[in-house]
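Novice: Data: my_file_39.txt, compact mmCIF, C-alpha atoms.
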```
# COMPACT_ATOMS: atom_id res chain seq x y z
CA MET A 1 7.53 7.75 -46.87
CA SER A 2 7.31 5.29 -49.75
CA MET A 3 7.68 1.88 -48.11
CA ILE A 4 10.59 -0.42 -48.86
CA GLN A 5 9.24 -3.43 -50.77
CA ASN A 6 12.25 -5.38 -52.11
CA ASP A 7 14.77 -7.60 -50.30
CA TRP A 8 15.87 -4.67 -48.14
CA LEU A 9 12.68 -5.14 -46.17
CA ASP A 10 13.90 -8.32 -44.50
CA ALA A 11 17.20 -6.62 -43.59
CA VAL A 12 15.73 -3.47 -42.04
CA LYS A 13 12.31 -4.62 -40.81
CA PRO A 14 13.55 -5.17 -37.23
CA GLU A 15 14.42 -1.46 -37.06
CA PHE A 16 10.81 -0.39 -37.63
CA SER A 17 9.66 -1.80 -34.28
CA LYS A 18 12.44 -0.15 -32.25
CA GLN A 19 11.69 2.88 -30.11
CA TYR A 20 14.21 5.13 -31.87
CA TYR A 21 12.56 4.47 -35.25
CA LYS A 22 9.07 5.17 -33.93
CA GLU A 23 10.35 8.52 -32.61
CA LEU A 24 12.18 9.19 -35.89
CA PHE A 25 9.05 8.43 -37.90
CA GLU A 26 6.96 10.85 -35.82
CA PHE A 27 9.66 13.53 -36.05
CA VAL A 28 9.94 13.23 -39.83
CA LYS A 29 6.16 13.18 -40.30
CA ASP A 30 5.86 16.32 -38.17
CA GLU A 31 8.66 18.09 -40.07
CA TYR A 32 7.08 17.39 -43.46
CA SER A 33 3.75 18.73 -42.18
CA LYS A 34 5.23 22.02 -40.92
CA VAL A 35 8.22 23.03 -43.05
CA ALA A 36 9.88 22.34 -46.40
CA VAL A 37 11.92 19.12 -46.15
CA TYR A 38 14.03 17.37 -48.78
CA PRO A 39 13.96 15.03 -50.57
CA PRO A 40 10.23 14.68 -51.33
CA ALA A 41 8.78 12.12 -48.93
CA ASP A 42 8.28 9.51 -51.63
CA ASP A 43 12.00 9.72 -52.53
CA ILE A 44 13.45 9.19 -49.04
CA PHE A 45 14.14 5.48 -49.64
CA ASN A 46 15.12 5.68 -53.31
CA ALA A 47 18.60 4.29 -52.64
CA PHE A 48 16.92 1.06 -51.53
CA HIS A 49 14.26 1.07 -54.25
CA PHE A 50 16.87 1.47 -57.01
CA THR A 51 19.54 -0.88 -55.57
CA PRO A 52 18.23 -4.08 -53.95
CA LEU A 53 20.47 -5.56 -51.26
CA SER A 54 21.20 -8.62 -53.40
CA SER A 55 22.47 -6.31 -56.17
CA VAL A 56 24.87 -4.18 -54.10
CA LYS A 57 28.43 -4.21 -55.47
CA VAL A 58 29.58 -0.80 -54.23
CA LEU A 59 28.53 1.41 -51.32
CA ILE A 60 29.14 5.16 -51.52
CA LEU A 61 28.45 6.91 -48.22
CA GLY A 62 27.35 10.53 -48.03
CA GLN A 63 26.15 12.67 -45.12
CA ASP A 64 22.78 14.39 -45.48
CA PRO A 65 20.73 15.37 -48.55
CA TYR A 66 21.14 18.56 -50.54
CA HIS A 67 18.98 21.20 -48.89
CA ASN A 68 17.89 23.38 -51.82
CA ALA A 69 14.70 22.89 -53.83
CA HIS A 70 14.53 20.20 -56.53
CA GLN A 71 18.03 18.83 -55.85
CA ALA A 72 17.82 15.83 -53.52
CA HIS A 73 16.04 12.68 -54.70
CA GLY A 74 17.30 10.02 -52.30
CA LEU A 75 20.77 9.18 -53.70
CA CYS A 76 23.88 10.68 -52.11
CA PHE A 77 25.76 13.20 -54.30
CA SER A 78 23.07 12.94 -57.04
CA VAL A 79 20.74 15.72 -58.17
CA LEU A 80 17.80 15.74 -60.55
CA PRO A 81 18.75 16.15 -64.23
CA ASP A 82 17.65 19.79 -64.55
CA GLN A 83 19.81 21.01 -61.65
CA ASP A 84 23.30 22.50 -61.66
CA ILE A 85 26.01 20.00 -60.77
CA PRO A 86 27.03 20.57 -57.12
CA PRO A 87 30.73 21.30 -56.41
CA SER A 88 31.50 17.93 -54.77
CA LEU A 89 30.00 16.05 -57.70
CA GLN A 90 31.97 18.23 -60.12
CA ASN A 91 35.10 17.01 -58.35
CA ILE A 92 33.91 13.39 -58.47
CA TYR A 93 33.42 13.76 -62.23
CA LYS A 94 36.89 15.30 -62.58
CA GLU A 95 38.45 12.32 -60.77
CA ILE A 96 36.50 9.84 -62.90
CA HIS A 97 37.70 11.65 -66.02
CA ASP A 98 41.32 11.61 -64.86
CA ASP A 99 41.10 8.03 -63.60
CA ILE A 100 39.27 6.19 -66.37
CA GLY A 101 38.68 8.76 -69.10
CA CYS A 102 34.92 9.36 -68.88
CA TYR A 103 33.78 12.67 -70.30
CA ILE A 104 32.28 15.13 -67.82
CA PRO A 105 28.51 15.18 -68.39
CA ASN A 106 26.12 18.11 -68.31
CA ASN A 107 24.01 16.79 -65.42
CA GLY A 108 24.34 15.26 -61.97
CA TYR A 109 21.72 12.51 -62.15
CA LEU A 110 23.44 9.34 -60.90
CA LYS A 111 20.60 6.79 -61.08
CA LYS A 112 22.60 4.89 -63.71
CA TRP A 113 25.10 3.98 -61.00
CA ALA A 114 22.35 2.87 -58.60
CA ASP A 115 20.85 0.66 -61.30
CA GLN A 116 24.19 -1.15 -61.61
CA GLY A 117 24.54 -1.98 -57.92
CA VAL A 118 26.04 1.19 -56.44
CA LEU A 119 24.20 1.82 -53.15
CA MET A 120 24.29 5.61 -52.77
CA LEU A 121 23.53 6.04 -49.10
CA ASN A 122 23.41 9.17 -46.99
CA THR A 123 23.82 8.57 -43.25
CA VAL A 124 20.90 10.97 -42.68
CA LEU A 125 18.02 10.67 -45.16
CA THR A 126 16.14 13.96 -44.71
CA VAL A 127 16.94 17.65 -44.16
CA ARG A 128 15.10 20.92 -43.62
CA ALA A 129 15.21 23.30 -46.55
CA HIS A 130 18.33 25.49 -46.46
CA GLN A 131 19.50 24.04 -43.11
CA ALA A 132 22.33 21.56 -43.62
CA ASN A 133 22.55 18.81 -40.99
CA SER A 134 19.23 19.88 -39.45
CA HIS A 135 18.02 16.26 -39.11
CA GLN A 136 21.23 14.89 -37.65
CA GLY A 137 20.92 13.07 -34.35
CA LYS A 138 17.23 12.27 -34.77
CA GLY A 139 17.65 8.55 -35.42
CA TRP A 140 18.54 8.24 -39.09
CA GLU A 141 22.12 7.35 -38.17
CA LYS A 142 20.96 4.27 -36.26
CA PHE A 143 18.86 3.19 -39.22
CA THR A 144 21.62 3.65 -41.77
CA ASP A 145 24.10 1.90 -39.47
CA ALA A 146 21.76 -1.11 -39.66
CA VAL A 147 21.88 -0.78 -43.46
CA ILE A 148 25.69 -0.69 -43.44
CA GLN A 149 25.76 -3.76 -41.19
CA ALA A 150 23.42 -5.58 -43.58
CA VAL A 151 25.81 -4.86 -46.46
CA ASN A 152 28.79 -5.93 -44.35
CA ALA A 153 27.06 -9.27 -43.72
CA GLN A 154 26.76 -10.08 -47.43
CA ASP A 155 28.88 -13.08 -48.36
CA ARG A 156 30.28 -11.70 -51.60
CA PRO A 157 32.78 -9.06 -52.78
CA ILE A 158 31.62 -5.47 -52.17
CA VAL A 159 33.55 -2.19 -52.37
CA TYR A 160 33.11 0.68 -49.91
CA LEU A 161 34.01 4.19 -51.06
CA LEU A 162 34.48 6.20 -47.88
CA TRP A 163 35.24 9.85 -48.53
CA GLY A 164 35.91 12.10 -45.57
CA LYS A 165 36.07 11.47 -41.83
CA PRO A 166 32.33 11.00 -41.16
CA ALA A 167 32.14 8.21 -43.74
CA GLN A 168 35.39 6.68 -42.49
CA SER A 169 34.01 6.58 -38.94
CA LYS A 170 31.94 3.58 -40.11
CA ILE A 171 35.04 1.44 -40.76
CA ARG A 172 34.72 -0.11 -37.29
CA MET A 173 31.53 -1.81 -38.56
CA LEU A 174 33.21 -3.30 -41.63
CA ASP A 175 34.94 -6.58 -40.84
CA ASN A 176 34.11 -8.77 -43.82
CA PRO A 177 37.36 -10.04 -45.40
CA LYS A 178 35.66 -10.46 -48.78
CA HIS A 179 35.08 -6.72 -49.04
CA LEU A 180 37.37 -3.86 -50.16
CA ILE A 181 37.48 -0.55 -48.26
CA LEU A 182 38.80 2.49 -50.13
CA LYS A 183 39.37 5.74 -48.23
CA ALA A 184 40.05 9.28 -49.41
CA PRO A 185 39.36 12.86 -48.33
CA HIS A 186 35.91 14.21 -49.15
CA PRO A 187 35.46 15.50 -52.74
CA SER A 188 34.23 18.89 -51.53
CA PRO A 189 36.21 21.93 -52.75
CA LEU A 190 37.55 22.29 -49.19
CA SER A 191 39.31 18.94 -49.17
CA ALA A 192 39.47 17.41 -52.67
CA PHE A 193 43.04 18.61 -53.20
CA ARG A 194 44.20 16.80 -50.06
CA GLY A 195 44.01 13.41 -51.72
CA PHE A 196 40.63 12.86 -53.30
CA PHE A 197 42.09 13.91 -56.63
CA GLY A 198 44.33 11.08 -57.69
CA CYS A 199 42.73 8.47 -55.42
CA ARG A 200 41.79 6.35 -58.47
CA HIS A 201 38.91 4.77 -56.59
CA PHE A 202 36.86 4.16 -59.72
CA SER A 203 39.47 2.09 -61.54
CA GLN A 204 40.35 0.30 -58.28
CA THR A 205 36.70 -0.57 -57.78
CA ASN A 206 36.36 -2.00 -61.27
CA ASP A 207 39.64 -3.91 -61.02
CA PHE A 208 38.42 -5.53 -57.78
CA LEU A 209 35.03 -6.42 -59.26
CA LYS A 210 36.62 -7.95 -62.36
CA GLU A 211 39.15 -9.90 -60.27
CA ASN A 212 36.18 -11.43 -58.48
CA GLY A 213 34.29 -12.32 -61.66
CA LEU A 214 31.79 -9.46 -61.42
CA GLU A 215 30.70 -6.97 -64.06
CA PRO A 216 32.50 -3.63 -63.56
CA ILE A 217 30.56 -0.40 -63.11
CA ASP A 218 30.05 1.79 -66.16
CA TRP A 219 30.77 5.12 -64.45
CA GLN A 220 29.95 7.24 -67.52
CA ILE A 221 26.92 9.42 -66.87
CA GLU A 222 25.56 10.48 -70.25
CA ASN A 223 24.57 13.99 -71.26
CA VAL A 224 20.88 14.82 -71.30
```
Would you mind writing the file out in structure tokens?
Specialist:
Amino acid sequence: MSMIQNDWLDAVKPEFSKQYYKELFEFVKDEYSKVAVYPPADDIFNAFHFTPLSSVKVLILGQDPYHNAHQAHGLCFSVLPDQDIPPSLQNIYKEIHDDIGCYIPNNGYLKKWADQGVLMLNTVLTVRAHQANSHQGKGWEKFTDAVIQAVNAQDRPIVYLLWGKPAQSKIRMLDNPKHLILKAPHPSPLSAFRGFFGCRHFSQTNDFLKENGLEPIDWQIENV
């Protein structure tokens, strides 16, 4: 695992000495030595590498990484530029188009968002190839809860985009009155028509940031 070096280190360092994290580390190391696991080990902490804690304006919460080859690279919903756009991200793009008029790009590489302060966090950071949710319950959830709590503690306006019930289960941790919580069904094809389409989360996010004197997010992902 590529170590966290930026200001996230102070926020999460206490986790590294806890028993659950030691067990998680050994489990993950063992999995990578025996079977195909995604994302590549050096990409596990990319959400933190790309978006320092002091830069976070928006938190998007996913579940676990994509489990097919060459897709996951450490940002929820994002895939590497040469990959097909997954169905949930297709629906996210459709909502962005309908909400703020961005064209739908030909790739699903979302690092541009991360570079602007969108923390793109999965609650579980690794997965066995072709086995969705295979690393659930091994300790990642405790670690990412600590991350969510660190964001909640920030004394500045931040927006949470919580799509689907698993993401919304974290609301109990979010008690900072300076922050904005936006909820909608998950953008997957199974649930997007139940209220994700039309949620207008992207314009609401930018309106909130601008109202608080912050630069809005440029949600347009360009073609490659």
Novice: At a cut-off of 12 Å, can you tabulate as JSON lines every residue of region 21-95 of chain A near region 99-105 of chain A together with its closest atom pair and the distance in Å to one decimal, using all atoms listed in the file and ordering rows by chain then number?
Specialist:
```
{"residue": "A:Pro81", "atom": "CA", "partner": "A:Pro105", "partner_atom": "CA", "distance": 10.7}
{"residue": "A:Asp84", "atom": "CA", "partner": "A:Pro105", "partner_atom": "CA", "distance": 11.2}
{"residue": "A:Ile85", "atom": "CA", "partner": "A:Pro105", "partner_atom": "CA", "distance": 9.4}
{"residue": "A:Leu89", "atom": "CA", "partner": "A:Ile104", "partner_atom": "CA", "distance": 10.4}
{"residue": "A:Gln90", "atom": "CA", "partner": "A:Ile104", "partner_atom": "CA", "distance": 8.3}
{"residue": "A:Asn91", "atom": "CA", "partner": "A:Ile104", "partner_atom": "CA", "distance": 10.1}
{"residue": "A:Ile92", "atom": "CA", "partner": "A:Ile104", "partner_atom": "CA", "distance": 9.6}
{"residue": "A:Tyr93", "atom": "CA", "partner": "A:Ile104", "partner_atom": "CA", "distance": 5.9}
{"residue": "A:Lys94", "atom": "CA", "partner": "A:Ile104", "partner_atom": "CA", "distance": 7.0}
{"residue": "A:Glu95", "atom": "CA", "partner": "A:Asp99", "partner_atom": "CA", "distance": 5.8}
```
Novice: Give me the residues of region 72-94 of chain A that have any atom at most 6 Å from an atom of region 39-46 of chain A; for each, the nearest atom pair and the distance in Å, rounded to one decimal. Use all atoms listed in the file, sort by chain and number, and format it as JSON lines.
Specialist:
```
{"residue": "A:Ala72", "atom": "CA", "partner": "A:Pro39", "partner_atom": "CA", "distance": 4.9}
{"residue": "A:His73", "atom": "CA", "partner": "A:Pro39", "partner_atom": "CA", "distance": 5.2}
{"residue": "A:Gly74", "atom": "CA", "partner": "A:Asn46", "partner_atom": "CA", "distance": 5.0}
```
Novice: For Ala192 (chain A), work out the shell of residues within 10 Å, counting all atoms listed in the file and skipping chain neighbours fewer than 6 positions away, then give it as a count of residues only.
Specialist: 11
Novice: Using only C-alpha atoms, can you tell me which of A:Leu180, A:Ala129, A:Val151, A:Ile158 comes closest to Lys34 (chain A)?
Specialist: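 Among A:Leu180, A:Ala129, A:Val151, A:Ile158, it is A:Ala129 that comes nearest to Lys34 (chain A).
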Novice: Tell me, counting all atoms listed in the file, for each residue of region 93-157 of chain A within 10 Å of region 3-19 of chain A, which pair of atoms is nearest and how far apart they are in Å to one decimal, in rows ordered by chain and increasing number, as a Markdown table.
Specialist:
```
| residue | atom | partner | partner_atom | distance |
| --- | --- | --- | --- | --- |
| A:Gly139 | CA | A:Gln19 | CA | 9.8 |
| A:Lys142 | CA | A:Glu15 | CA | 8.7 |
| A:Phe143 | CA | A:Glu15 | CA | 6.8 |
| A:Thr144 | CA | A:Val12 | CA | 9.2 |
| A:Ala146 | CA | A:Val12 | CA | 6.9 |
| A:Val147 | CA | A:Val12 | CA | 6.9 |
| A:Gln149 | CA | A:Ala11 | CA | 9.3 |
| A:Ala150 | CA | A:Ala11 | CA | 6.3 |
| A:Val151 | CA | A:Ala11 | CA | 9.2 |
```
Novice: Which of these residues is nearest to Gly117 (chain A), using all atoms listed in the file: A:Ser55, A:Gln204, A:Ser2, A:Ser134?
Specialist: A:Ser55
Novice: Counting all atoms listed in the file, which residue out of A:Phe77, A:Phe196, A:Phe48, A:Phe25 sits closest to Leu182 (chain A)?
Specialist: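 Looking only at the distances to Leu182 (chain A), the closest residue turns out to be A:Phe196.
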Novice: Quick one, how far is CA of Ile171 (chain A) from CA of Asn152 (chain A)?
Specialist: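 Separation between CA of Ile171 (chain A) and CA of Asn152 (chain A): 10.3 Å.
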Novice: Taking (19.0, 12.8, -44.2) in the file's own coordinates, collect the residues within 10 Å, counting all atoms listed in the file, and hand them back as an MDAnalysis selection string.
Specialist: chainID A and resid 37:39 44 62:67 72 74 76 121:128 132:136 138:141 144
Novice: Using all atoms listed in the file, which of the listed residues (A:Val28, A:Arg172, A:Ile221, A:Pro52) sits closest to Ser78 (chain A)?
Specialist: A:Ile221
Novice: When you draw a straight line from CA of Gln131 (chain A) to CA of Trp113 (chain A), how long is it in Å?
Specialist: 27.5 Å
Novice: With only C-alpha atoms as the atoms that count, which of A:Ile60, A:Leu53, A:Leu75, A:Ala47 lies nearest to Ala167 (chain A)?
Specialist: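 When distances to Ala167 (chain A) are compared using only C-alpha atoms, the smallest one comes from A:Ile60.
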Novice: Report, in Å to a single decimal, how far apart CA of Val58 (chain A) and CA of Tyr160 (chain A) are.
Specialist: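 Interatomic distance here is 5.8 Å.
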Novice: Tell me which residues come within 7 Å of (18.5, 16.7, -62.2), as a list of chain:residue names, counting all atoms listed in the file in the file's coordinates.
Specialist: A:Gln71, A:Val79, A:Leu80, A:Pro81, A:Asp82, A:Gln83, A:Asn107, A:Gly108, A:Tyr109
Novice: From the options A:His70, A:Lys57, A:His97, A:Arg194, which residue's atoms come nearest to Leu214 (chain A), counting only C-alpha atoms?
Specialist: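 That would be A:Lys57, the residue with the smallest distance to Leu214 (chain A).
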